[in-house]
file final-v5.cif (mmCIF, C-alpha atoms)
data_structure
#
loop_
_atom_site.group_PDB
_atom_site.id
_atom_site.type_symbol
_atom_site.label_atom_id
_atom_site.label_comp_id
_atom_site.auth_asym_id
_atom_site.auth_seq_id
_atom_site.Cartn_x
_atom_site.Cartn_y
_atom_site.Cartn_z
ATOM 1 C CA MET A 209 -24.295 16.770 -5.298
ATOM 2 C CA GLU A 210 -23.862 15.535 -1.744
ATOM 3 C CA ALA A 211 -26.413 12.787 -2.363
ATOM 4 C CA ILE A 212 -24.450 11.603 -5.395
ATOM 5 C CA LEU A 213 -21.186 11.539 -3.460
ATOM 6 C CA SER A 214 -22.716 9.691 -0.511
ATOM 7 C CA ALA A 215 -24.339 7.140 -2.847
ATOM 8 C CA THR A 216 -20.996 6.699 -4.599
ATOM 9 C CA MET A 217 -19.226 6.113 -1.282
ATOM 10 C CA GLU A 218 -21.860 3.591 -0.242
ATOM 11 C CA ALA A 219 -21.548 1.747 -3.569
ATOM 12 C CA ILE A 220 -17.756 1.680 -3.315
ATOM 13 C CA GLY A 221 -17.899 0.310 0.222
ATOM 14 C CA THR A 222 -20.366 -2.355 -0.828
ATOM 15 C CA MET A 223 -18.257 -3.340 -3.847
ATOM 16 C CA ILE A 224 -15.062 -3.652 -1.817
ATOM 17 C CA GLY A 225 -16.822 -5.501 0.999
ATOM 18 C CA PHE A 226 -18.464 -8.062 -1.271
ATOM 19 C CA THR A 227 -15.209 -8.472 -3.184
ATOM 20 C CA PHE A 228 -13.226 -9.304 -0.076
ATOM 21 C CA LEU A 229 -15.990 -11.582 1.168
ATOM 22 C CA GLY A 230 -16.121 -13.495 -2.106
ATOM 23 C CA LEU A 231 -12.356 -13.617 -2.417
ATOM 24 C CA GLY A 232 -11.984 -14.925 1.135
ATOM 25 C CA ILE A 233 -14.589 -17.629 0.636
ATOM 26 C CA GLY A 234 -13.079 -18.587 -2.724
ATOM 27 C CA ILE A 235 -9.540 -18.816 -1.375
ATOM 28 C CA GLY A 236 -10.784 -20.886 1.554
ATOM 29 C CA ILE A 237 -12.534 -23.355 -0.735
ATOM 30 C CA LEU A 238 -9.487 -23.423 -3.020
ATOM 31 C CA GLY A 239 -7.185 -24.159 -0.097
ATOM 32 C CA ALA A 240 -9.416 -26.989 1.095
ATOM 33 C CA LYS A 241 -9.467 -28.553 -2.358
ATOM 34 C CA VAL A 242 -5.676 -28.203 -2.687
ATOM 35 C CA ALA A 243 -5.149 -29.929 0.644
ATOM 36 C CA GLU A 244 -7.529 -32.676 -0.452
ATOM 37 C CA ALA A 245 -5.761 -33.099 -3.810
ATOM 38 C CA VAL A 246 -2.290 -33.215 -2.268
ATOM 39 C CA GLY A 247 -3.526 -35.616 0.395
ATOM 40 C CA ARG A 248 -4.816 -37.999 -2.260
ATOM 41 C CA ASN A 249 -1.789 -37.793 -4.535
ATOM 42 C CA PRO A 250 1.323 -36.312 -2.869
ATOM 43 C CA GLU A 251 3.495 -36.752 -5.972
ATOM 44 C CA THR A 252 1.633 -33.981 -7.790
ATOM 45 C CA LYS A 253 2.179 -31.406 -5.053
ATOM 46 C CA SER A 254 4.392 -29.083 -7.102
ATOM 47 C CA ASP A 255 2.006 -29.108 -10.087
ATOM 48 C CA VAL A 256 -0.994 -28.371 -7.879
ATOM 49 C CA VAL A 257 0.798 -25.578 -6.010
ATOM 50 C CA HIS A 258 1.919 -23.941 -9.266
ATOM 51 C CA SER A 259 -1.645 -24.040 -10.598
ATOM 52 C CA VAL A 260 -3.013 -22.558 -7.385
ATOM 53 C CA MET A 261 -0.426 -19.773 -7.397
ATOM 54 C CA THR A 262 -1.445 -18.890 -10.958
ATOM 55 C CA ILE A 263 -5.095 -18.714 -9.906
ATOM 56 C CA LEU A 264 -4.240 -16.549 -6.888
ATOM 57 C CA ILE A 265 -2.184 -14.173 -9.034
ATOM 58 C CA VAL A 266 -5.112 -13.757 -11.436
ATOM 59 C CA ALA A 267 -7.457 -13.087 -8.497
ATOM 60 C CA THR A 268 -5.038 -10.498 -7.133
ATOM 61 C CA VAL A 269 -4.862 -8.755 -10.502
ATOM 62 C CA PHE A 270 -8.673 -8.568 -10.592
ATOM 63 C CA LEU A 271 -8.615 -7.134 -7.066
ATOM 64 C CA LEU A 272 -6.145 -4.461 -8.168
ATOM 65 C CA PHE A 273 -8.424 -3.631 -11.112
ATOM 66 C CA LEU A 274 -11.288 -3.217 -8.655
ATOM 67 C CA PHE A 275 -9.220 -0.803 -6.564
ATOM 68 C CA ALA A 276 -8.307 1.169 -9.674
ATOM 69 C CA PHE A 277 -11.985 1.348 -10.636
ATOM 70 C CA THR A 278 -13.081 2.449 -7.174
ATOM 71 C CA PHE A 279 -10.408 5.156 -6.992
ATOM 72 C CA MET A 280 -11.470 6.309 -10.431
ATOM 73 C CA LEU A 281 -15.044 6.588 -9.116
ATOM 74 C CA LEU A 282 -13.807 8.504 -6.095
ATOM 75 C CA PHE A 283 -11.684 11.094 -7.843
ATOM 76 C CA PHE A 284 -13.093 11.243 -11.395
ATOM 77 C CA ASN A 285 -16.783 10.682 -10.792
ATOM 78 C CA PRO A 286 -18.693 11.254 -14.052
ATOM 79 C CA LEU A 287 -21.957 11.902 -12.177
ATOM 80 C CA VAL A 288 -20.627 15.038 -10.473
ATOM 81 C CA GLY A 289 -20.648 17.888 -12.936
#
call {"tool": "encode", "arguments": {"input": "final-v5.cif", "output": "structure tokens"}}
result
Amino acid sequence: MEAILSATMEAIGTMIGFTFLGLGIGIGILGAKVAEAVGRNPETKSDVVHSVMTILIVATVFLLFLFAFTFMLLFFNPLVG
């Protein structure tokens, strides 16, 4: 049982770590492309910012789903009987 719980903790840490790493890299690339787009065509700034905010909200919702899944694994682990 202790091996299952330690493996679960390791998997949860890995999932959260890779999620934040990927999200950070993605937001950095997105910010660079937004700055490039606004620099090329400043008149479309509000449209670009609204689109980016929508994308960031969707990414945040997926991050919250990940936290819900990891807490479900922590407290309602189906492997521990």
call {"tool": "residues_around", "arguments": {"input": "final-v5.cif", "residues": "region 213-229 of chain A", "least_positions_apart": "3", "cutoff": "9 Å", "atoms": "only C-alpha atoms", "output": "list in words"}}
result
Met209, Glu210, Gly232, Ile233, Gly234, Leu271, Leu274, Phe275, Thr278, Phe279, Leu281, Leu282, Asn285, Leu287 and Val288 of chain A
call {"tool": "atom_distance", "arguments": {"input": "final-v5.cif", "atom1": "CA of Lys241 (chain A)", "atom2": "CA of Val257 (chain A)"}}
result
11.3 Å
call {"tool": "atom_distance", "arguments": {"input": "final-v5.cif", "atom1": "CA of Pro286 (chain A)", "atom2": "CA of Leu272 (chain A)"}}
result
21.0 Å
call {"tool": "axis_aligned_box", "arguments": {"input": "final-v5.cif", "around": "region 267-282 of chain A", "padding_each_side": "3 Å", "output": "AutoDock Vina command-line options"}}
result
--center_x -10.0 --center_y -2.3 --center_z -8.6 --size_x 16.2 --size_y 27.6 --size_z 11.0
call {"tool": "atom_distance", "arguments": {"input": "final-v5.cif", "atom1": "CA of Val256 (chain A)", "atom2": "CA of Leu231 (chain A)"}}
result
19.4 Å
call {"tool": "decode", "arguments": {"input": "final-v5.cif", "residues": "region 245-281 of chain A", "atoms": "N, CA, C and O atoms", "output": "PDB file, in the first residue's frame"}}
result
ATOM      1  N   ALA A 245       2.529  40.467 -33.367  1.00  0.00           N
ATOM      2  CA  ALA A 245       1.326  40.812 -34.135  1.00  0.00           C
ATOM      3  C   ALA A 245       0.913  42.266 -33.901  1.00  0.00           C
ATOM      4  O   ALA A 245       0.544  42.969 -34.845  1.00  0.00           O
ATOM      5  N   VAL A 246       0.974  42.707 -32.665  1.00  0.00           N
ATOM      6  CA  VAL A 246       0.592  44.093 -32.362  1.00  0.00           C
ATOM      7  C   VAL A 246       1.635  45.051 -32.929  1.00  0.00           C
ATOM      8  O   VAL A 246       1.300  46.148 -33.387  1.00  0.00           O
ATOM      9  N   GLY A 247       2.883  44.640 -32.927  1.00  0.00           N
ATOM     10  CA  GLY A 247       3.925  45.490 -33.515  1.00  0.00           C
ATOM     11  C   GLY A 247       3.758  45.657 -35.015  1.00  0.00           C
ATOM     12  O   GLY A 247       4.037  46.714 -35.562  1.00  0.00           O
ATOM     13  N   ARG A 248       3.269  44.630 -35.686  1.00  0.00           N
ATOM     14  CA  ARG A 248       3.069  44.723 -37.131  1.00  0.00           C
ATOM     15  C   ARG A 248       1.812  45.509 -37.499  1.00  0.00           C
ATOM     16  O   ARG A 248       1.793  46.200 -38.503  1.00  0.00           O
ATOM     17  N   ASN A 249       0.767  45.340 -36.691  1.00  0.00           N
ATOM     18  CA  ASN A 249      -0.506  45.983 -37.007  1.00  0.00           C
ATOM     19  C   ASN A 249      -1.154  46.493 -35.715  1.00  0.00           C
ATOM     20  O   ASN A 249      -1.978  45.807 -35.121  1.00  0.00           O
ATOM     21  N   PRO A 250      -0.795  47.697 -35.276  1.00  0.00           N
ATOM     22  CA  PRO A 250      -1.280  48.201 -33.984  1.00  0.00           C
ATOM     23  C   PRO A 250      -2.795  48.440 -33.925  1.00  0.00           C
ATOM     24  O   PRO A 250      -3.366  48.500 -32.843  1.00  0.00           O
ATOM     25  N   GLU A 251      -3.444  48.565 -35.070  1.00  0.00           N
ATOM     26  CA  GLU A 251      -4.884  48.830 -35.059  1.00  0.00           C
ATOM     27  C   GLU A 251      -5.690  47.640 -34.552  1.00  0.00           C
ATOM     28  O   GLU A 251      -6.816  47.793 -34.089  1.00  0.00           O
ATOM     29  N   THR A 252      -5.136  46.457 -34.654  1.00  0.00           N
ATOM     30  CA  THR A 252      -5.858  45.247 -34.241  1.00  0.00           C
ATOM     31  C   THR A 252      -5.517  44.816 -32.815  1.00  0.00           C
ATOM     32  O   THR A 252      -5.782  43.675 -32.438  1.00  0.00           O
ATOM     33  N   LYS A 253      -4.997  45.742 -32.027  1.00  0.00           N
ATOM     34  CA  LYS A 253      -4.554  45.387 -30.678  1.00  0.00           C
ATOM     35  C   LYS A 253      -5.691  44.829 -29.828  1.00  0.00           C
ATOM     36  O   LYS A 253      -5.529  43.816 -29.149  1.00  0.00           O
ATOM     37  N   SER A 254      -6.845  45.464 -29.839  1.00  0.00           N
ATOM     38  CA  SER A 254      -7.941  45.009 -28.980  1.00  0.00           C
ATOM     39  C   SER A 254      -8.447  43.628 -29.402  1.00  0.00           C
ATOM     40  O   SER A 254      -8.747  42.791 -28.546  1.00  0.00           O
ATOM     41  N   ASP A 255      -8.512  43.368 -30.707  1.00  0.00           N
ATOM     42  CA  ASP A 255      -8.940  42.044 -31.175  1.00  0.00           C
ATOM     43  C   ASP A 255      -7.948  40.956 -30.754  1.00  0.00           C
ATOM     44  O   ASP A 255      -8.350  39.876 -30.310  1.00  0.00           O
ATOM     45  N   VAL A 256      -6.664  41.256 -30.895  1.00  0.00           N
ATOM     46  CA  VAL A 256      -5.636  40.280 -30.545  1.00  0.00           C
ATOM     47  C   VAL A 256      -5.648  40.016 -29.043  1.00  0.00           C
ATOM     48  O   VAL A 256      -5.574  38.865 -28.599  1.00  0.00           O
ATOM     49  N   VAL A 257      -5.780  41.066 -28.242  1.00  0.00           N
ATOM     50  CA  VAL A 257      -5.778  40.896 -26.789  1.00  0.00           C
ATOM     51  C   VAL A 257      -7.001  40.106 -26.338  1.00  0.00           C
ATOM     52  O   VAL A 257      -6.902  39.245 -25.453  1.00  0.00           O
ATOM     53  N   HIS A 258      -8.154  40.343 -26.936  1.00  0.00           N
ATOM     54  CA  HIS A 258      -9.350  39.580 -26.577  1.00  0.00           C
ATOM     55  C   HIS A 258      -9.182  38.094 -26.931  1.00  0.00           C
ATOM     56  O   HIS A 258      -9.584  37.220 -26.158  1.00  0.00           O
ATOM     57  N   SER A 259      -8.586  37.819 -28.073  1.00  0.00           N
ATOM     58  CA  SER A 259      -8.351  36.427 -28.459  1.00  0.00           C
ATOM     59  C   SER A 259      -7.377  35.742 -27.506  1.00  0.00           C
ATOM     60  O   SER A 259      -7.578  34.591 -27.108  1.00  0.00           O
ATOM     61  N   VAL A 260      -6.335  36.460 -27.124  1.00  0.00           N
ATOM     62  CA  VAL A 260      -5.342  35.895 -26.210  1.00  0.00           C
ATOM     63  C   VAL A 260      -5.951  35.651 -24.837  1.00  0.00           C
ATOM     64  O   VAL A 260      -5.684  34.630 -24.200  1.00  0.00           O
ATOM     65  N   MET A 261      -6.780  36.567 -24.365  1.00  0.00           N
ATOM     66  CA  MET A 261      -7.427  36.364 -23.067  1.00  0.00           C
ATOM     67  C   MET A 261      -8.337  35.140 -23.096  1.00  0.00           C
ATOM     68  O   MET A 261      -8.403  34.393 -22.121  1.00  0.00           O
ATOM     69  N   THR A 262      -9.018  34.910 -24.199  1.00  0.00           N
ATOM     70  CA  THR A 262      -9.857  33.717 -24.327  1.00  0.00           C
ATOM     71  C   THR A 262      -9.006  32.450 -24.252  1.00  0.00           C
ATOM     72  O   THR A 262      -9.361  31.491 -23.552  1.00  0.00           O
ATOM     73  N   ILE A 263      -7.874  32.455 -24.935  1.00  0.00           N
ATOM     74  CA  ILE A 263      -6.979  31.302 -24.910  1.00  0.00           C
ATOM     75  C   ILE A 263      -6.438  31.077 -23.505  1.00  0.00           C
ATOM     76  O   ILE A 263      -6.370  29.938 -23.018  1.00  0.00           O
ATOM     77  N   LEU A 264      -6.069  32.144 -22.805  1.00  0.00           N
ATOM     78  CA  LEU A 264      -5.541  32.001 -21.450  1.00  0.00           C
ATOM     79  C   LEU A 264      -6.605  31.510 -20.478  1.00  0.00           C
ATOM     80  O   LEU A 264      -6.300  30.745 -19.559  1.00  0.00           O
ATOM     81  N   ILE A 265      -7.838  31.922 -20.668  1.00  0.00           N
ATOM     82  CA  ILE A 265      -8.926  31.438 -19.806  1.00  0.00           C
ATOM     83  C   ILE A 265      -9.139  29.951 -20.015  1.00  0.00           C
ATOM     84  O   ILE A 265      -9.317  29.187 -19.059  1.00  0.00           O
ATOM     85  N   VAL A 266      -9.102  29.498 -21.267  1.00  0.00           N
ATOM     86  CA  VAL A 266      -9.248  28.066 -21.549  1.00  0.00           C
ATOM     87  C   VAL A 266      -8.090  27.278 -20.931  1.00  0.00           C
ATOM     88  O   VAL A 266      -8.300  26.208 -20.332  1.00  0.00           O
ATOM     89  N   ALA A 267      -6.878  27.797 -21.022  1.00  0.00           N
ATOM     90  CA  ALA A 267      -5.724  27.120 -20.419  1.00  0.00           C
ATOM     91  C   ALA A 267      -5.860  27.051 -18.904  1.00  0.00           C
ATOM     92  O   ALA A 267      -5.516  26.034 -18.284  1.00  0.00           O
ATOM     93  N   THR A 268      -6.378  28.102 -18.301  1.00  0.00           N
ATOM     94  CA  THR A 268      -6.581  28.113 -16.856  1.00  0.00           C
ATOM     95  C   THR A 268      -7.644  27.105 -16.439  1.00  0.00           C
ATOM     96  O   THR A 268      -7.493  26.425 -15.415  1.00  0.00           O
ATOM     97  N   VAL A 269      -8.690  26.977 -17.230  1.00  0.00           N
ATOM     98  CA  VAL A 269      -9.726  25.986 -16.923  1.00  0.00           C
ATOM     99  C   VAL A 269      -9.148  24.576 -16.999  1.00  0.00           C
ATOM    100  O   VAL A 269      -9.425  23.735 -16.131  1.00  0.00           O
ATOM    101  N   PHE A 270      -8.312  24.302 -18.002  1.00  0.00           N
ATOM    102  CA  PHE A 270      -7.662  22.991 -18.078  1.00  0.00           C
ATOM    103  C   PHE A 270      -6.745  22.759 -16.886  1.00  0.00           C
ATOM    104  O   PHE A 270      -6.655  21.644 -16.371  1.00  0.00           O
ATOM    105  N   LEU A 271      -6.066  23.798 -16.425  1.00  0.00           N
ATOM    106  CA  LEU A 271      -5.210  23.679 -15.249  1.00  0.00           C
ATOM    107  C   LEU A 271      -6.034  23.370 -14.005  1.00  0.00           C
ATOM    108  O   LEU A 271      -5.636  22.539 -13.181  1.00  0.00           O
ATOM    109  N   LEU A 272      -7.189  23.985 -13.877  1.00  0.00           N
ATOM    110  CA  LEU A 272      -8.068  23.686 -12.741  1.00  0.00           C
ATOM    111  C   LEU A 272      -8.594  22.260 -12.817  1.00  0.00           C
ATOM    112  O   LEU A 272      -8.726  21.582 -11.779  1.00  0.00           O
ATOM    113  N   PHE A 273      -8.876  21.767 -14.028  1.00  0.00           N
ATOM    114  CA  PHE A 273      -9.278  20.367 -14.178  1.00  0.00           C
ATOM    115  C   PHE A 273      -8.156  19.428 -13.757  1.00  0.00           C
ATOM    116  O   PHE A 273      -8.399  18.386 -13.142  1.00  0.00           O
ATOM    117  N   LEU A 274      -6.913  19.796 -14.072  1.00  0.00           N
ATOM    118  CA  LEU A 274      -5.786  18.975 -13.654  1.00  0.00           C
ATOM    119  C   LEU A 274      -5.695  18.925 -12.132  1.00  0.00           C
ATOM    120  O   LEU A 274      -5.478  17.870 -11.553  1.00  0.00           O
ATOM    121  N   PHE A 275      -5.867  20.082 -11.473  1.00  0.00           N
ATOM    122  CA  PHE A 275      -5.828  20.085 -10.015  1.00  0.00           C
ATOM    123  C   PHE A 275      -6.954  19.246  -9.430  1.00  0.00           C
ATOM    124  O   PHE A 275      -6.753  18.525  -8.448  1.00  0.00           O
ATOM    125  N   ALA A 276      -8.125  19.318 -10.014  1.00  0.00           N
ATOM    126  CA  ALA A 276      -9.238  18.494  -9.529  1.00  0.00           C
ATOM    127  C   ALA A 276      -8.910  17.019  -9.697  1.00  0.00           C
ATOM    128  O   ALA A 276      -9.175  16.214  -8.793  1.00  0.00           O
ATOM    129  N   PHE A 277      -8.314  16.655 -10.815  1.00  0.00           N
ATOM    130  CA  PHE A 277      -7.940  15.256 -11.050  1.00  0.00           C
ATOM    131  C   PHE A 277      -6.873  14.792 -10.072  1.00  0.00           C
ATOM    132  O   PHE A 277      -6.947  13.684  -9.537  1.00  0.00           O
ATOM    133  N   THR A 278      -5.865  15.641  -9.821  1.00  0.00           N
ATOM    134  CA  THR A 278      -4.808  15.229  -8.908  1.00  0.00           C
ATOM    135  C   THR A 278      -5.324  15.119  -7.472  1.00  0.00           C
ATOM    136  O   THR A 278      -4.929  14.206  -6.754  1.00  0.00           O
ATOM    137  N   PHE A 279      -6.207  16.011  -7.057  1.00  0.00           N
ATOM    138  CA  PHE A 279      -6.770  15.879  -5.710  1.00  0.00           C
ATOM    139  C   PHE A 279      -7.677  14.662  -5.614  1.00  0.00           C
ATOM    140  O   PHE A 279      -7.753  14.019  -4.559  1.00  0.00           O
ATOM    141  N   MET A 280      -8.344  14.327  -6.710  1.00  0.00           N
ATOM    142  CA  MET A 280      -9.138  13.107  -6.706  1.00  0.00           C
ATOM    143  C   MET A 280      -8.229  11.885  -6.557  1.00  0.00           C
ATOM    144  O   MET A 280      -8.551  10.948  -5.814  1.00  0.00           O
ATOM    145  N   LEU A 281      -7.065  11.902  -7.223  1.00  0.00           N
ATOM    146  CA  LEU A 281      -6.116  10.799  -7.057  1.00  0.00           C
ATOM    147  C   LEU A 281      -5.562  10.740  -5.639  1.00  0.00           C
ATOM    148  O   LEU A 281      -5.295   9.670  -5.113  1.00  0.00           O
TER     149      LEU A 281
END
